[in-house]
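S.K.: The following block contains the structure, expressed as structure tokens.
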Amino acid sequence: MAQVTSTKDFQRAERLQGIELSEIARISEHAARLRAQGIDVIALSTGEPDFPSPEHVVEAANRAAIEGQTRYPATAGTPALRAAIAAEVGLQTENIIVSTGAKQVLSGAMMATLNPGDEVIAVAPFWTSYADMVRLAGGIPTILSCPAEQGFKLSPDQLEAAITPRTRWLLLNTPSNPTGAVYSKMELQALGDVLKNHPQVWVISDEIYQHLSYVPFTPFVQAVPALADRTLTVNGVSKAYSMTGWRIGWGIGPAPLIKAMIAVQGQITSGACSIAQAAALEAITGPQDLLSERRNAMRARRDLVVDGLNRAGLECTVPEGAFYVFPKTPAKMPVDHEFCRYLLDEAGVALVPGRAFGMPGHMRLSFAYATESLQEGVRRLADATAKL
Ligand code: PLP
């Protein structure tokens with residue numbers, strides 16, 4: 001059989017222009033290759049907790065499989081899981097969509113609402129996928145740079161100045177990946193005040209790290225209830241319950257938006273895995289003590305890493321949530337991808353360059369790893385920085 005081997009013979013869709021495997025995935029794969037060659041690499045690059053999925057959750061999945069919950073589930077999510085999520089936030093099941101990870105919720109919302117040329121405001125540094133999801137759906141990301149000096153947070157003036165008649169969404173993420181910034185209730189209200197005068201702009205509040213906040217956390221709709229009828233809240237079990245591989249996330253929003261997102265999902269994946277939904281139901285309705293236990297463990301890891309970075313002379317803002325810290329690169333090697341390459345090759349530590357998050361001159365370190373790996377990783381980082 002003749003094989004198509006060169007990109008010359010293969011036609012990619014125009015909508016894929018500039019869209020490639022994320023830099024995070026590439027770095028993690030590179031680190032895995034080095035490890036396979038026997039090189040000792042400490043990868044602090046991926047965004048998933050090292051804890052196992054809770055035992056009672058795994059048991060619930062086993063039961064679901066044995067009891068025969070193995071047929072196509074409803075496109076919008078199983079009635080039981082939708083009802084449990086709705087009850088938690090005091091809404092109806094028609095306000096809930098369950099998808100294959102929070103990622104599908106976000107991309108489904110873009111597909112369901114954007115026309116070519118519509119604009120989506122995203123706050124840099126942002127989670128790598130945001131901009132490409134917008135582009136894939138035909139939209140244009142409007143990226144607002146929010147450097148460390150402003151706590152990596154969007155200011156009301158910046159928001160006001162960026163809104164145009166084509167703006168459809170403001171995409172917020174609190175606690176943030178990659179900075180750990182958490183918006184206070186007052187900060188959210190100030191952003192809400194701006195949006196009240198722009199009825200065409202809806203809000204996505206990506207709160208996937210909600211249960212990993214080290215300061216009081218306020219959901220966007222609680223801070224700004226007047227905008228609940230144009231807000232999509234995104235959440236899921238991936239991070240808080242260490243269930244990244246189960247691929248269950250959900251969106252909470254106005255029924256017409258959810259209905260449009262269900263139509264998109266119906267043509268792309270159908271309902272999310274039935275067994276994983278049974279597991280997610282157990283996660284959110286079963287014992288919740290593990291949330292605070294794991295949050296406390298993460299906070300201790302954060303303190304260890306921030307202390308280590310400070311000692312190494314690498315300037316960083318103390319993250320208030322999530323499990324990432326986003327230090328500046330050292331003055332002697334300020335180009336982020338060069339410094340990350342140097343760290344990987346010289347010290348065997350994998351971090352992600354800030355450019356992947358729309359903010360060069362920084363790098364992201366994930367502290368969702370065992371204490372020993374973090375201690376060793378930070379030690380190597382300090383040695384390599386000192387050698388520059
Ligand atoms: N939103 C943010 C900010 C994330 O960091 C991630 C995962 O890294 C997701 C959404 C996606 O979550 P899920 O694994 O449930 O698709």
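If you're wondering about the labels, chains in the structure tokens are A, B, ... by order shown, residues count from 1 in each chain, ligands from 1 in order shown.
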Which residues are near ligand 1 in this structure, taking near to mean any atom at most 7 Å from a ligand atom and counting only C-alpha atoms and all ligand atoms? Format them as a short mmCIF file (atom, residue, chain, number, x, y, z; two decimals) with C-alpha atoms, in the first residue's frame.
M.R.:
```
data_model
loop_
_atom_site.label_atom_id
_atom_site.label_comp_id
_atom_site.auth_asym_id
_atom_site.auth_seq_id
_atom_site.Cartn_x
_atom_site.Cartn_y
_atom_site.Cartn_z
CA GLY A 47 -0.67 19.11 35.67
CA THR A 100 -15.24 14.04 28.66
CA GLY A 101 -13.18 16.22 30.98
CA ALA A 102 -13.44 19.94 31.67
CA LYS A 103 -11.53 20.36 28.45
CA GLN A 104 -14.47 19.15 26.39
CA TRP A 127 -3.81 27.50 30.43
CA ASN A 173 -9.64 30.82 35.50
CA SER A 176 -5.24 29.79 37.85
CA ASN A 177 -3.12 27.41 35.88
CA ASP A 206 -13.05 27.76 34.88
CA ILE A 208 -11.47 23.23 38.06
CA GLY A 236 -14.90 18.46 37.33
CA VAL A 237 -13.24 15.66 39.27
CA SER A 238 -9.85 15.62 37.52
CA THR A 244 -7.48 12.94 35.51
CA ARG A 247 -12.11 12.18 31.95
CA ILE A 248 -15.17 13.67 33.64
CA GLY A 249 -15.88 17.40 33.79
#
```
S.K.: With only C-alpha atoms as the counted atoms, please give the residues lying no more than 12 Å from A:Thr329, apart from itself and same-chain residues fewer than 5 positions off, as a PDB file with C-alpha atoms, in the first residue's frame.
M.R.:
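Listed below is the output, around_0.pdb:
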```pdb
ATOM      1  CA  LEU A 309      12.971  28.993  44.666  1.00  0.00           C
ATOM      2  CA  ALA A 312      17.882  29.896  44.582  1.00  0.00           C
ATOM      3  CA  GLY A 313      17.245  33.583  43.865  1.00  0.00           C
ATOM      4  CA  LEU A 314      14.396  32.814  41.458  1.00  0.00           C
ATOM      5  CA  GLU A 315      11.705  35.433  41.940  1.00  0.00           C
ATOM      6  CA  CYS A 316       8.151  34.096  42.289  1.00  0.00           C
ATOM      7  CA  PRO A 334      16.223  35.181  30.627  1.00  0.00           C
ATOM      8  CA  VAL A 335      14.869  33.351  27.554  1.00  0.00           C
ATOM      9  CA  ASP A 336      12.445  30.858  29.073  1.00  0.00           C
ATOM     10  CA  HIS A 337      12.683  28.015  26.567  1.00  0.00           C
ATOM     11  CA  GLU A 338      16.503  28.239  26.574  1.00  0.00           C
ATOM     12  CA  PHE A 339      16.607  28.076  30.362  1.00  0.00           C
ATOM     13  CA  CYS A 340      14.153  25.139  30.426  1.00  0.00           C
ATOM     14  CA  TYR A 342      19.388  23.968  29.883  1.00  0.00           C
ATOM     15  CA  LEU A 343      17.658  22.661  33.015  1.00  0.00           C
ATOM     16  CA  LEU A 351       9.718  22.575  33.636  1.00  0.00           C
ATOM     17  CA  VAL A 352       7.460  24.247  31.060  1.00  0.00           C
ATOM     18  CA  PRO A 353       8.548  27.564  29.494  1.00  0.00           C
ATOM     19  CA  GLY A 354       6.253  30.518  30.133  1.00  0.00           C
ATOM     20  CA  ARG A 355       5.745  31.109  26.428  1.00  0.00           C
ATOM     21  CA  MET A 359       4.030  34.846  29.084  1.00  0.00           C
ATOM     22  CA  PRO A 360       7.688  34.360  28.167  1.00  0.00           C
ATOM     23  CA  GLY A 361      10.349  35.112  30.776  1.00  0.00           C
ATOM     24  CA  HIS A 362       8.782  32.696  33.261  1.00  0.00           C
ATOM     25  CA  MET A 363       8.504  28.947  33.684  1.00  0.00           C
ATOM     26  CA  ARG A 364       5.872  26.746  35.268  1.00  0.00           C
ATOM     27  CA  LEU A 365       6.769  24.272  37.948  1.00  0.00           C
ATOM     28  CA  LEU A 381      17.301  23.846  39.959  1.00  0.00           C
ATOM     29  CA  THR A 385      21.023  28.401  38.367  1.00  0.00           C
ATOM     30  CA  LEU A 388      25.146  30.111  35.122  1.00  0.00           C
TER      31      LEU A 388
END
```
S.K.: If we count only C-alpha atoms, what is near A:Glu376 at a cut-off of 12 Å, once residues fewer than 3 positions away on the same chain are taken out, given as a PyMOL selection string?
M.R.: chain A and resi 40-44+304-305+308+347-349+369-373+379-383
S.K.: Export C-alpha atoms of the chosen residues as a JSON list (two decimals), in the first residue's frame?
M.R.:
```json
[["chain", "number", "residue", "atom", "x", "y", "z"],
["A", 40, "ASP", "CA", 17.54, 10.38, 35.70],
["A", 41, "VAL", "CA", 14.94, 13.08, 35.02],
["A", 42, "ILE", "CA", 12.68, 14.79, 37.51],
["A", 43, "ALA", "CA", 9.65, 15.99, 35.55],
["A", 44, "LEU", "CA", 7.82, 18.81, 37.33],
["A", 304, "LEU", "CA", 8.66, 23.81, 50.26],
["A", 305, "VAL", "CA", 8.98, 24.81, 46.60],
["A", 308, "GLY", "CA", 13.53, 26.59, 47.57],
["A", 347, "ALA", "CA", 20.20, 19.12, 35.60],
["A", 348, "GLY", "CA", 17.58, 16.60, 34.51],
["A", 349, "VAL", "CA", 14.65, 18.76, 35.62],
["A", 369, "TYR", "CA", 4.68, 15.51, 43.18],
["A", 370, "ALA", "CA", 6.09, 13.58, 46.13],
["A", 371, "THR", "CA", 8.06, 15.67, 48.63],
["A", 372, "GLU", "CA", 11.33, 13.83, 47.85],
["A", 373, "SER", "CA", 11.03, 14.61, 44.11],
["A", 379, "ARG", "CA", 18.05, 21.35, 44.71],
["A", 380, "ARG", "CA", 19.00, 20.65, 41.09],
["A", 381, "LEU", "CA", 17.30, 23.85, 39.96],
["A", 382, "ALA", "CA", 19.28, 25.87, 42.49],
["A", 383, "ASP", "CA", 22.59, 24.22, 41.51]]
```
S.K.: Write out as a ChimeraX atom specification each polymer residue whose atoms come within 6 Å of stretch 114-116 of chain A, counting only C-alpha atoms; drop sequence neighbours fewer than 3 positions from it.
M.R.: /A:110,138-139
S.K.: Would you mind exporting C-alpha atoms of the selected residues as a JSON list (two decimals), in the first residue's frame?
M.R.:
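Wrote out_18.json, looks like this:
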```json
[["chain", "number", "residue", "atom", "x", "y", "z"],
["A", 110, "MET", "CA", -16.68, 27.59, 21.98],
["A", 138, "GLY", "CA", -13.31, 29.95, 14.38],
["A", 139, "GLY", "CA", -12.92, 32.63, 17.03]]
```
S.K.: May I have all residues of stretch 172-372 of chain A that DSSP, computed from the backbone, assigns to strand (DSSP E), given as a VMD selection string?
M.R.: chain A and resid 172 to 173 202 to 206 231 to 236 248 to 252 324 to 325 349 to 350 352 to 353 363 to 366
S.K.: Restrict the selected residues to N, CA and C atoms and save them as an mmCIF file, in the first residue's frame.
M.R.:
```cif
data_model
loop_
_atom_site.group_PDB
_atom_site.id
_atom_site.type_symbol
_atom_site.label_atom_id
_atom_site.label_comp_id
_atom_site.auth_asym_id
_atom_site.auth_seq_id
_atom_site.Cartn_x
_atom_site.Cartn_y
_atom_site.Cartn_z
ATOM 1 N N LEU A 172 -12.243 33.327 32.312
ATOM 2 C CA LEU A 172 -11.513 33.493 33.574
ATOM 3 C C LEU A 172 -11.141 32.130 34.136
ATOM 4 N N ASN A 173 -10.052 32.070 34.879
ATOM 5 C CA ASN A 173 -9.642 30.817 35.495
ATOM 6 C C ASN A 173 -9.145 31.120 36.910
ATOM 7 N N TRP A 202 -20.417 37.145 27.575
ATOM 8 C CA TRP A 202 -20.691 36.113 28.571
ATOM 9 C C TRP A 202 -19.389 35.738 29.270
ATOM 10 N N VAL A 203 -19.530 35.009 30.382
ATOM 11 C CA VAL A 203 -18.346 34.670 31.177
ATOM 12 C C VAL A 203 -18.202 33.161 31.292
ATOM 13 N N ILE A 204 -16.986 32.683 31.035
ATOM 14 C CA ILE A 204 -16.672 31.306 31.427
ATOM 15 C C ILE A 204 -15.794 31.411 32.654
ATOM 16 N N SER A 205 -16.214 30.790 33.737
ATOM 17 C CA SER A 205 -15.375 30.753 34.922
ATOM 18 C C SER A 205 -14.896 29.312 35.099
ATOM 19 N N ASP A 206 -13.632 29.099 34.790
ATOM 20 C CA ASP A 206 -13.049 27.757 34.876
ATOM 21 C C ASP A 206 -12.555 27.588 36.312
ATOM 22 N N THR A 231 -23.377 33.165 32.528
ATOM 23 C CA THR A 231 -22.115 32.581 32.997
ATOM 24 C C THR A 231 -22.133 31.065 32.843
ATOM 25 N N LEU A 232 -21.026 30.535 32.345
ATOM 26 C CA LEU A 232 -20.819 29.088 32.310
ATOM 27 C C LEU A 232 -19.715 28.782 33.316
ATOM 28 N N THR A 233 -20.045 28.002 34.340
ATOM 29 C CA THR A 233 -19.034 27.590 35.305
ATOM 30 C C THR A 233 -18.533 26.207 34.898
ATOM 31 N N VAL A 234 -17.214 26.059 34.901
ATOM 32 C CA VAL A 234 -16.609 24.788 34.482
ATOM 33 C C VAL A 234 -15.929 24.156 35.694
ATOM 34 N N ASN A 235 -16.200 22.875 35.883
ATOM 35 C CA ASN A 235 -15.599 22.176 37.012
ATOM 36 C C ASN A 235 -15.477 20.688 36.678
ATOM 37 N N GLY A 236 -15.037 19.883 37.619
ATOM 38 C CA GLY A 236 -14.899 18.456 37.332
ATOM 39 C C GLY A 236 -14.122 17.752 38.428
ATOM 40 N N ILE A 248 -13.827 13.141 33.379
ATOM 41 C CA ILE A 248 -15.169 13.667 33.639
ATOM 42 C C ILE A 248 -15.077 15.117 34.127
ATOM 43 N N GLY A 249 -15.752 15.999 33.388
ATOM 44 C CA GLY A 249 -15.876 17.396 33.792
ATOM 45 C C GLY A 249 -17.301 17.835 33.502
ATOM 46 N N TRP A 250 -17.676 19.013 33.988
ATOM 47 C CA TRP A 250 -19.034 19.466 33.707
ATOM 48 C C TRP A 250 -19.114 20.983 33.573
ATOM 49 N N GLY A 251 -20.200 21.389 32.901
ATOM 50 C CA GLY A 251 -20.495 22.809 32.759
ATOM 51 C C GLY A 251 -21.832 23.094 33.417
ATOM 52 N N ILE A 252 -21.917 24.274 34.049
ATOM 53 C CA ILE A 252 -23.144 24.692 34.720
ATOM 54 C C ILE A 252 -23.510 26.049 34.135
ATOM 55 N N TYR A 324 0.687 24.963 40.987
ATOM 56 C CA TYR A 324 1.736 25.461 40.100
ATOM 57 C C TYR A 324 2.346 26.717 40.692
ATOM 58 N N VAL A 325 3.643 26.907 40.380
ATOM 59 C CA VAL A 325 4.278 28.184 40.693
ATOM 60 C C VAL A 325 4.953 28.642 39.398
ATOM 61 N N VAL A 349 15.921 18.283 35.041
ATOM 62 C CA VAL A 349 14.649 18.755 35.623
ATOM 63 C C VAL A 349 13.802 19.319 34.486
ATOM 64 N N ALA A 350 12.561 18.825 34.377
ATOM 65 C CA ALA A 350 11.687 19.316 33.304
ATOM 66 C C ALA A 350 10.671 20.310 33.854
ATOM 67 N N VAL A 352 8.065 23.797 32.315
ATOM 68 C CA VAL A 352 7.460 24.247 31.060
ATOM 69 C C VAL A 352 7.733 25.747 30.876
ATOM 70 N N PRO A 353 8.270 26.140 29.712
ATOM 71 C CA PRO A 353 8.548 27.564 29.494
ATOM 72 C C PRO A 353 7.266 28.411 29.511
ATOM 73 N N MET A 363 8.687 30.385 33.951
ATOM 74 C CA MET A 363 8.504 28.947 33.684
ATOM 75 C C MET A 363 7.530 28.407 34.717
ATOM 76 N N ARG A 364 6.839 27.343 34.336
ATOM 77 C CA ARG A 364 5.872 26.746 35.268
ATOM 78 C C ARG A 364 6.439 25.492 35.883
ATOM 79 N N LEU A 365 6.362 25.464 37.209
ATOM 80 C CA LEU A 365 6.769 24.272 37.948
ATOM 81 C C LEU A 365 5.514 23.719 38.621
ATOM 82 N N SER A 366 5.228 22.454 38.399
ATOM 83 C CA SER A 366 4.090 21.828 39.078
ATOM 84 C C SER A 366 4.595 21.183 40.360
#
```
S.K.: Which residues, written as an MDAnalysis selection string, have at least one atom at most 12 Å from A:Val134, with only C-alpha atoms counted and residues fewer than 4 positions away on the same chain left out?
M.R.: chainID A and resid 15:16 19 106:122 128:130 138:143 168:171
S.K.: Could you turn the residues from that selection into a file that holds N, CA, C and O atoms, as a tab-separated table (two decimals), in the first residue's frame?
M.R.:
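Saved file selection_7.tsv follows:
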```
chain	number	residue	atom	x	y	z
A	15	ARG	N	-8.25	25.22	9.43
A	15	ARG	CA	-8.49	25.61	10.82
A	15	ARG	C	-7.40	25.10	11.76
A	15	ARG	O	-7.31	25.52	12.90
A	16	LEU	N	-6.55	24.19	11.27
A	16	LEU	CA	-5.47	23.66	12.12
A	16	LEU	C	-4.19	24.48	12.02
A	16	LEU	O	-3.20	24.15	12.66
A	19	ILE	N	-1.79	25.13	14.94
A	19	ILE	CA	-2.21	24.33	16.09
A	19	ILE	C	-1.44	23.01	16.09
A	19	ILE	O	-1.48	22.26	15.12
A	106	LEU	N	-15.14	23.14	27.82
A	106	LEU	CA	-14.66	24.43	27.31
A	106	LEU	C	-14.71	24.47	25.78
A	106	LEU	O	-15.21	25.43	25.19
A	107	SER	N	-14.22	23.42	25.14
A	107	SER	CA	-14.21	23.47	23.68
A	107	SER	C	-15.63	23.36	23.14
A	107	SER	O	-15.97	24.01	22.14
A	108	GLY	N	-16.49	22.62	23.82
A	108	GLY	CA	-17.89	22.53	23.39
A	108	GLY	C	-18.58	23.88	23.46
A	108	GLY	O	-19.37	24.25	22.58
A	109	ALA	N	-18.26	24.64	24.51
A	109	ALA	CA	-18.88	25.98	24.65
A	109	ALA	C	-18.45	26.88	23.49
A	109	ALA	O	-19.25	27.64	22.94
A	110	MET	N	-17.17	26.76	23.10
A	110	MET	CA	-16.68	27.59	21.98
A	110	MET	C	-17.37	27.18	20.69
A	110	MET	O	-17.84	28.03	19.92
A	111	MET	N	-17.44	25.88	20.45
A	111	MET	CA	-18.07	25.39	19.21
A	111	MET	C	-19.54	25.79	19.15
A	111	MET	O	-20.09	26.04	18.09
A	112	ALA	N	-20.18	25.81	20.31
A	112	ALA	CA	-21.62	26.04	20.34
A	112	ALA	C	-21.98	27.52	20.21
A	112	ALA	O	-23.14	27.84	19.96
A	113	THR	N	-21.01	28.41	20.39
A	113	THR	CA	-21.37	29.84	20.46
A	113	THR	C	-20.63	30.76	19.50
A	113	THR	O	-21.11	31.87	19.25
A	114	LEU	N	-19.46	30.35	19.01
A	114	LEU	CA	-18.66	31.31	18.24
A	114	LEU	C	-18.98	31.27	16.75
A	114	LEU	O	-19.08	30.19	16.16
A	115	ASN	N	-19.11	32.44	16.16
A	115	ASN	CA	-19.13	32.57	14.71
A	115	ASN	C	-17.76	33.08	14.28
A	115	ASN	O	-17.03	33.66	15.10
A	116	PRO	N	-17.41	32.86	12.99
A	116	PRO	CA	-16.08	33.32	12.56
A	116	PRO	C	-15.86	34.79	12.91
A	116	PRO	O	-16.73	35.62	12.64
A	117	GLY	N	-14.72	35.07	13.51
A	117	GLY	CA	-14.38	36.45	13.84
A	117	GLY	C	-14.85	36.89	15.22
A	117	GLY	O	-14.49	37.98	15.68
A	118	ASP	N	-15.63	36.07	15.90
A	118	ASP	CA	-16.02	36.44	17.26
A	118	ASP	C	-14.79	36.41	18.17
A	118	ASP	O	-13.88	35.60	17.98
A	119	GLU	N	-14.81	37.27	19.17
A	119	GLU	CA	-13.62	37.41	20.02
A	119	GLU	C	-13.85	36.84	21.43
A	119	GLU	O	-14.96	36.94	21.97
A	120	VAL	N	-12.78	36.28	21.96
A	120	VAL	CA	-12.82	35.73	23.32
A	120	VAL	C	-11.65	36.33	24.09
A	120	VAL	O	-10.50	36.20	23.66
A	121	ILE	N	-11.95	36.97	25.19
A	121	ILE	CA	-10.88	37.58	25.99
A	121	ILE	C	-10.30	36.53	26.94
A	121	ILE	O	-11.03	35.89	27.69
A	122	ALA	N	-8.98	36.35	26.85
A	122	ALA	CA	-8.30	35.42	27.76
A	122	ALA	C	-7.20	36.18	28.49
A	122	ALA	O	-6.62	37.12	27.96
A	128	THR	N	-2.64	26.61	28.51
A	128	THR	CA	-2.23	26.53	27.10
A	128	THR	C	-3.36	26.28	26.11
A	128	THR	O	-3.32	26.79	25.01
A	129	SER	N	-4.35	25.51	26.49
A	129	SER	CA	-5.36	25.11	25.51
A	129	SER	C	-6.34	26.22	25.14
A	129	SER	O	-6.99	26.14	24.10
A	130	TYR	N	-6.49	27.22	25.99
A	130	TYR	CA	-7.55	28.21	25.76
A	130	TYR	C	-7.50	28.83	24.36
A	130	TYR	O	-8.50	28.87	23.65
A	138	GLY	N	-13.13	28.83	15.31
A	138	GLY	CA	-13.31	29.95	14.38
A	138	GLY	C	-13.23	31.32	15.04
A	138	GLY	O	-13.40	32.34	14.38
A	139	GLY	N	-12.97	31.35	16.33
A	139	GLY	CA	-12.92	32.63	17.03
A	139	GLY	C	-11.52	33.22	17.06
A	139	GLY	O	-10.56	32.63	16.57
A	140	ILE	N	-11.43	34.42	17.64
A	140	ILE	CA	-10.14	35.11	17.75
A	140	ILE	C	-9.87	35.36	19.23
A	140	ILE	O	-10.67	36.04	19.89
A	141	PRO	N	-8.76	34.79	19.76
A	141	PRO	CA	-8.47	35.09	21.17
A	141	PRO	C	-7.90	36.50	21.32
A	141	PRO	O	-7.02	36.89	20.56
A	142	THR	N	-8.44	37.25	22.25
A	142	THR	CA	-7.89	38.56	22.59
A	142	THR	C	-7.14	38.35	23.89
A	142	THR	O	-7.76	38.12	24.94
A	143	ILE	N	-5.82	38.38	23.80
A	143	ILE	CA	-5.04	37.98	24.98
A	143	ILE	C	-4.54	39.20	25.74
A	143	ILE	O	-3.84	40.05	25.17
A	168	ARG	N	-17.48	37.89	22.60
A	168	ARG	CA	-18.55	36.97	23.05
A	168	ARG	C	-18.31	36.46	24.47
A	168	ARG	O	-19.24	36.18	25.21
A	169	TRP	N	-17.04	36.25	24.83
A	169	TRP	CA	-16.75	35.63	26.12
A	169	TRP	C	-15.58	36.33	26.81
A	169	TRP	O	-14.64	36.77	26.15
A	170	LEU	N	-15.65	36.33	28.13
A	170	LEU	CA	-14.46	36.56	28.96
A	170	LEU	C	-14.15	35.20	29.59
A	170	LEU	O	-15.03	34.58	30.21
A	171	LEU	N	-12.93	34.76	29.41
A	171	LEU	CA	-12.53	33.45	29.91
A	171	LEU	C	-11.67	33.65	31.15
A	171	LEU	O	-10.53	34.11	31.05
```
S.K.: List the spatial neighbours of A:Ser22 as a ChimeraX atom specification - criterion: any atom at most 10 Å away, only C-alpha atoms, same-chain residues fewer than 2 positions off excluded.
M.R.: /A:19-20,24-27,128-129,132,356
S.K.: Dump C-alpha atoms for the selected residues as a PDB file, in the first residue's frame?
M.R.:
```pdb
ATOM      1  CA  ILE A  19      -2.208  24.329  16.095  1.00  0.00           C
ATOM      2  CA  GLU A  20       0.127  21.576  17.268  1.00  0.00           C
ATOM      3  CA  ILE A  24       3.526  20.670  27.859  1.00  0.00           C
ATOM      4  CA  ALA A  25       2.795  17.346  26.163  1.00  0.00           C
ATOM      5  CA  ARG A  26       5.978  17.633  24.077  1.00  0.00           C
ATOM      6  CA  ILE A  27       8.145  18.301  27.137  1.00  0.00           C
ATOM      7  CA  THR A 128      -2.229  26.527  27.103  1.00  0.00           C
ATOM      8  CA  SER A 129      -5.359  25.112  25.508  1.00  0.00           C
ATOM      9  CA  ASP A 132      -6.220  27.094  20.421  1.00  0.00           C
ATOM     10  CA  ALA A 356       3.441  28.058  26.407  1.00  0.00           C
TER      11      ALA A 356
END
```
S.K.: What gap, in Å, lies between atom CA of A:Ala161 and atom CA of A:Gln222?
M.R.: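 Atom CA of A:Gln222 lies at a distance of 25.0 Å from atom CA of A:Ala161.
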S.K.: Which neighbours of A:Leu144 fall inside 10 Å, counting only C-alpha atoms, when residues of the same chain fewer than 5 positions from it are skipped, and could you give them as a VMD selection string?
M.R.: chain A and resid 121 to 126 153 to 155 158 to 159 162 358
S.K.: So that I have them on file, write out the residues from the current selection with N, CA and C atoms, as a compact mmCIF listing (two decimals), in the first residue's frame.
M.R.:
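Output file again_32.txt is given in full below:
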```
# COMPACT_ATOMS: atom_id res chain seq x y z
N ILE A 121 -11.95 36.97 25.19
CA ILE A 121 -10.88 37.58 25.99
C ILE A 121 -10.30 36.53 26.94
N ALA A 122 -8.98 36.35 26.85
CA ALA A 122 -8.30 35.42 27.76
C ALA A 122 -7.20 36.18 28.49
N VAL A 123 -6.95 35.76 29.71
CA VAL A 123 -6.00 36.45 30.59
C VAL A 123 -4.67 35.72 30.55
N ALA A 124 -3.62 36.38 30.05
CA ALA A 124 -2.29 35.73 30.04
C ALA A 124 -1.54 36.09 31.32
N PRO A 125 -0.85 35.13 31.96
CA PRO A 125 -0.67 33.75 31.52
C PRO A 125 -1.94 32.91 31.65
N PHE A 126 -2.18 32.07 30.64
CA PHE A 126 -3.40 31.25 30.63
C PHE A 126 -3.04 29.79 30.39
N LYS A 153 -3.42 39.01 37.51
CA LYS A 153 -4.90 39.08 37.44
C LYS A 153 -5.34 40.22 36.53
N LEU A 154 -6.48 40.03 35.93
CA LEU A 154 -7.06 41.02 35.01
C LEU A 154 -7.62 42.19 35.82
N SER A 155 -7.35 43.42 35.34
CA SER A 155 -7.92 44.58 36.03
C SER A 155 -9.18 45.02 35.28
N GLN A 158 -8.41 47.10 32.16
CA GLN A 158 -7.94 46.29 31.02
C GLN A 158 -9.12 45.62 30.32
N LEU A 159 -10.04 45.11 31.12
CA LEU A 159 -11.21 44.43 30.55
C LEU A 159 -12.05 45.41 29.74
N ALA A 162 -10.67 46.25 26.38
CA ALA A 162 -10.53 45.16 25.40
C ALA A 162 -11.85 44.76 24.76
N GLY A 358 1.57 31.96 27.21
CA GLY A 358 1.41 33.35 26.75
C GLY A 358 2.20 34.35 27.56
```
S.K.: Write out as a PyMOL selection string all residues of stretch 201-272 of chain A that backbone DSSP assigns to alpha helix (DSSP H).
M.R.: chain A and resi 220-223+255-268
S.K.: Selection from above, N, CA, C and O atoms, as a short mmCIF file (atom, residue, chain, number, x, y, z; two decimals), in the first residue's frame, can you write it?
M.R.:
```cif
data_model
loop_
_atom_site.label_atom_id
_atom_site.label_comp_id
_atom_site.auth_asym_id
_atom_site.auth_seq_id
_atom_site.Cartn_x
_atom_site.Cartn_y
_atom_site.Cartn_z
N PHE A 220 -17.45 32.57 40.71
CA PHE A 220 -17.84 33.81 40.03
C PHE A 220 -19.33 34.10 40.22
O PHE A 220 -19.72 35.22 40.53
N VAL A 221 -20.19 33.09 40.05
CA VAL A 221 -21.65 33.37 40.14
C VAL A 221 -22.07 33.75 41.55
O VAL A 221 -23.10 34.40 41.72
N GLN A 222 -21.28 33.36 42.54
CA GLN A 222 -21.63 33.81 43.90
C GLN A 222 -21.23 35.26 44.10
O GLN A 222 -21.92 36.03 44.75
N ALA A 223 -20.11 35.65 43.50
CA ALA A 223 -19.66 37.04 43.62
C ALA A 223 -20.56 37.96 42.81
O ALA A 223 -20.84 39.10 43.21
N ALA A 255 -29.89 27.25 30.56
CA ALA A 255 -30.37 26.08 29.81
C ALA A 255 -30.16 26.20 28.29
O ALA A 255 -29.75 25.21 27.67
N PRO A 256 -30.42 27.34 27.64
CA PRO A 256 -30.23 27.39 26.18
C PRO A 256 -28.78 27.15 25.77
O PRO A 256 -28.51 26.51 24.75
N LEU A 257 -27.84 27.66 26.56
CA LEU A 257 -26.42 27.41 26.26
C LEU A 257 -26.11 25.92 26.43
O LEU A 257 -25.47 25.30 25.56
N ILE A 258 -26.57 25.34 27.52
CA ILE A 258 -26.30 23.92 27.79
C ILE A 258 -26.90 23.07 26.66
O ILE A 258 -26.27 22.12 26.17
N LYS A 259 -28.11 23.46 26.21
CA LYS A 259 -28.75 22.70 25.14
C LYS A 259 -27.90 22.74 23.86
O LYS A 259 -27.72 21.73 23.18
N ALA A 260 -27.37 23.90 23.55
CA ALA A 260 -26.51 24.02 22.36
C ALA A 260 -25.25 23.19 22.52
O ALA A 260 -24.77 22.54 21.57
N MET A 261 -24.69 23.18 23.72
CA MET A 261 -23.47 22.39 23.96
C MET A 261 -23.77 20.88 23.88
O MET A 261 -22.94 20.10 23.42
N ILE A 262 -24.97 20.48 24.30
CA ILE A 262 -25.36 19.06 24.20
C ILE A 262 -25.46 18.68 22.71
O ILE A 262 -25.03 17.59 22.31
N ALA A 263 -25.97 19.59 21.90
CA ALA A 263 -26.07 19.31 20.45
C ALA A 263 -24.68 19.09 19.86
O ALA A 263 -24.46 18.16 19.08
N VAL A 264 -23.72 19.91 20.26
CA VAL A 264 -22.34 19.74 19.77
C VAL A 264 -21.78 18.39 20.24
O VAL A 264 -21.26 17.59 19.45
N GLN A 265 -21.93 18.13 21.53
CA GLN A 265 -21.38 16.90 22.11
C GLN A 265 -21.98 15.66 21.44
O GLN A 265 -21.29 14.67 21.22
N GLY A 266 -23.26 15.75 21.11
CA GLY A 266 -23.95 14.63 20.49
C GLY A 266 -23.34 14.24 19.16
O GLY A 266 -23.44 13.09 18.73
N GLN A 267 -22.70 15.19 18.50
CA GLN A 267 -22.09 14.89 17.20
C GLN A 267 -20.58 14.64 17.31
O GLN A 267 -19.93 14.39 16.30
N ILE A 268 -20.04 14.76 18.51
CA ILE A 268 -18.59 14.58 18.63
C ILE A 268 -18.22 13.34 19.44
O ILE A 268 -17.49 12.47 18.95
#
```
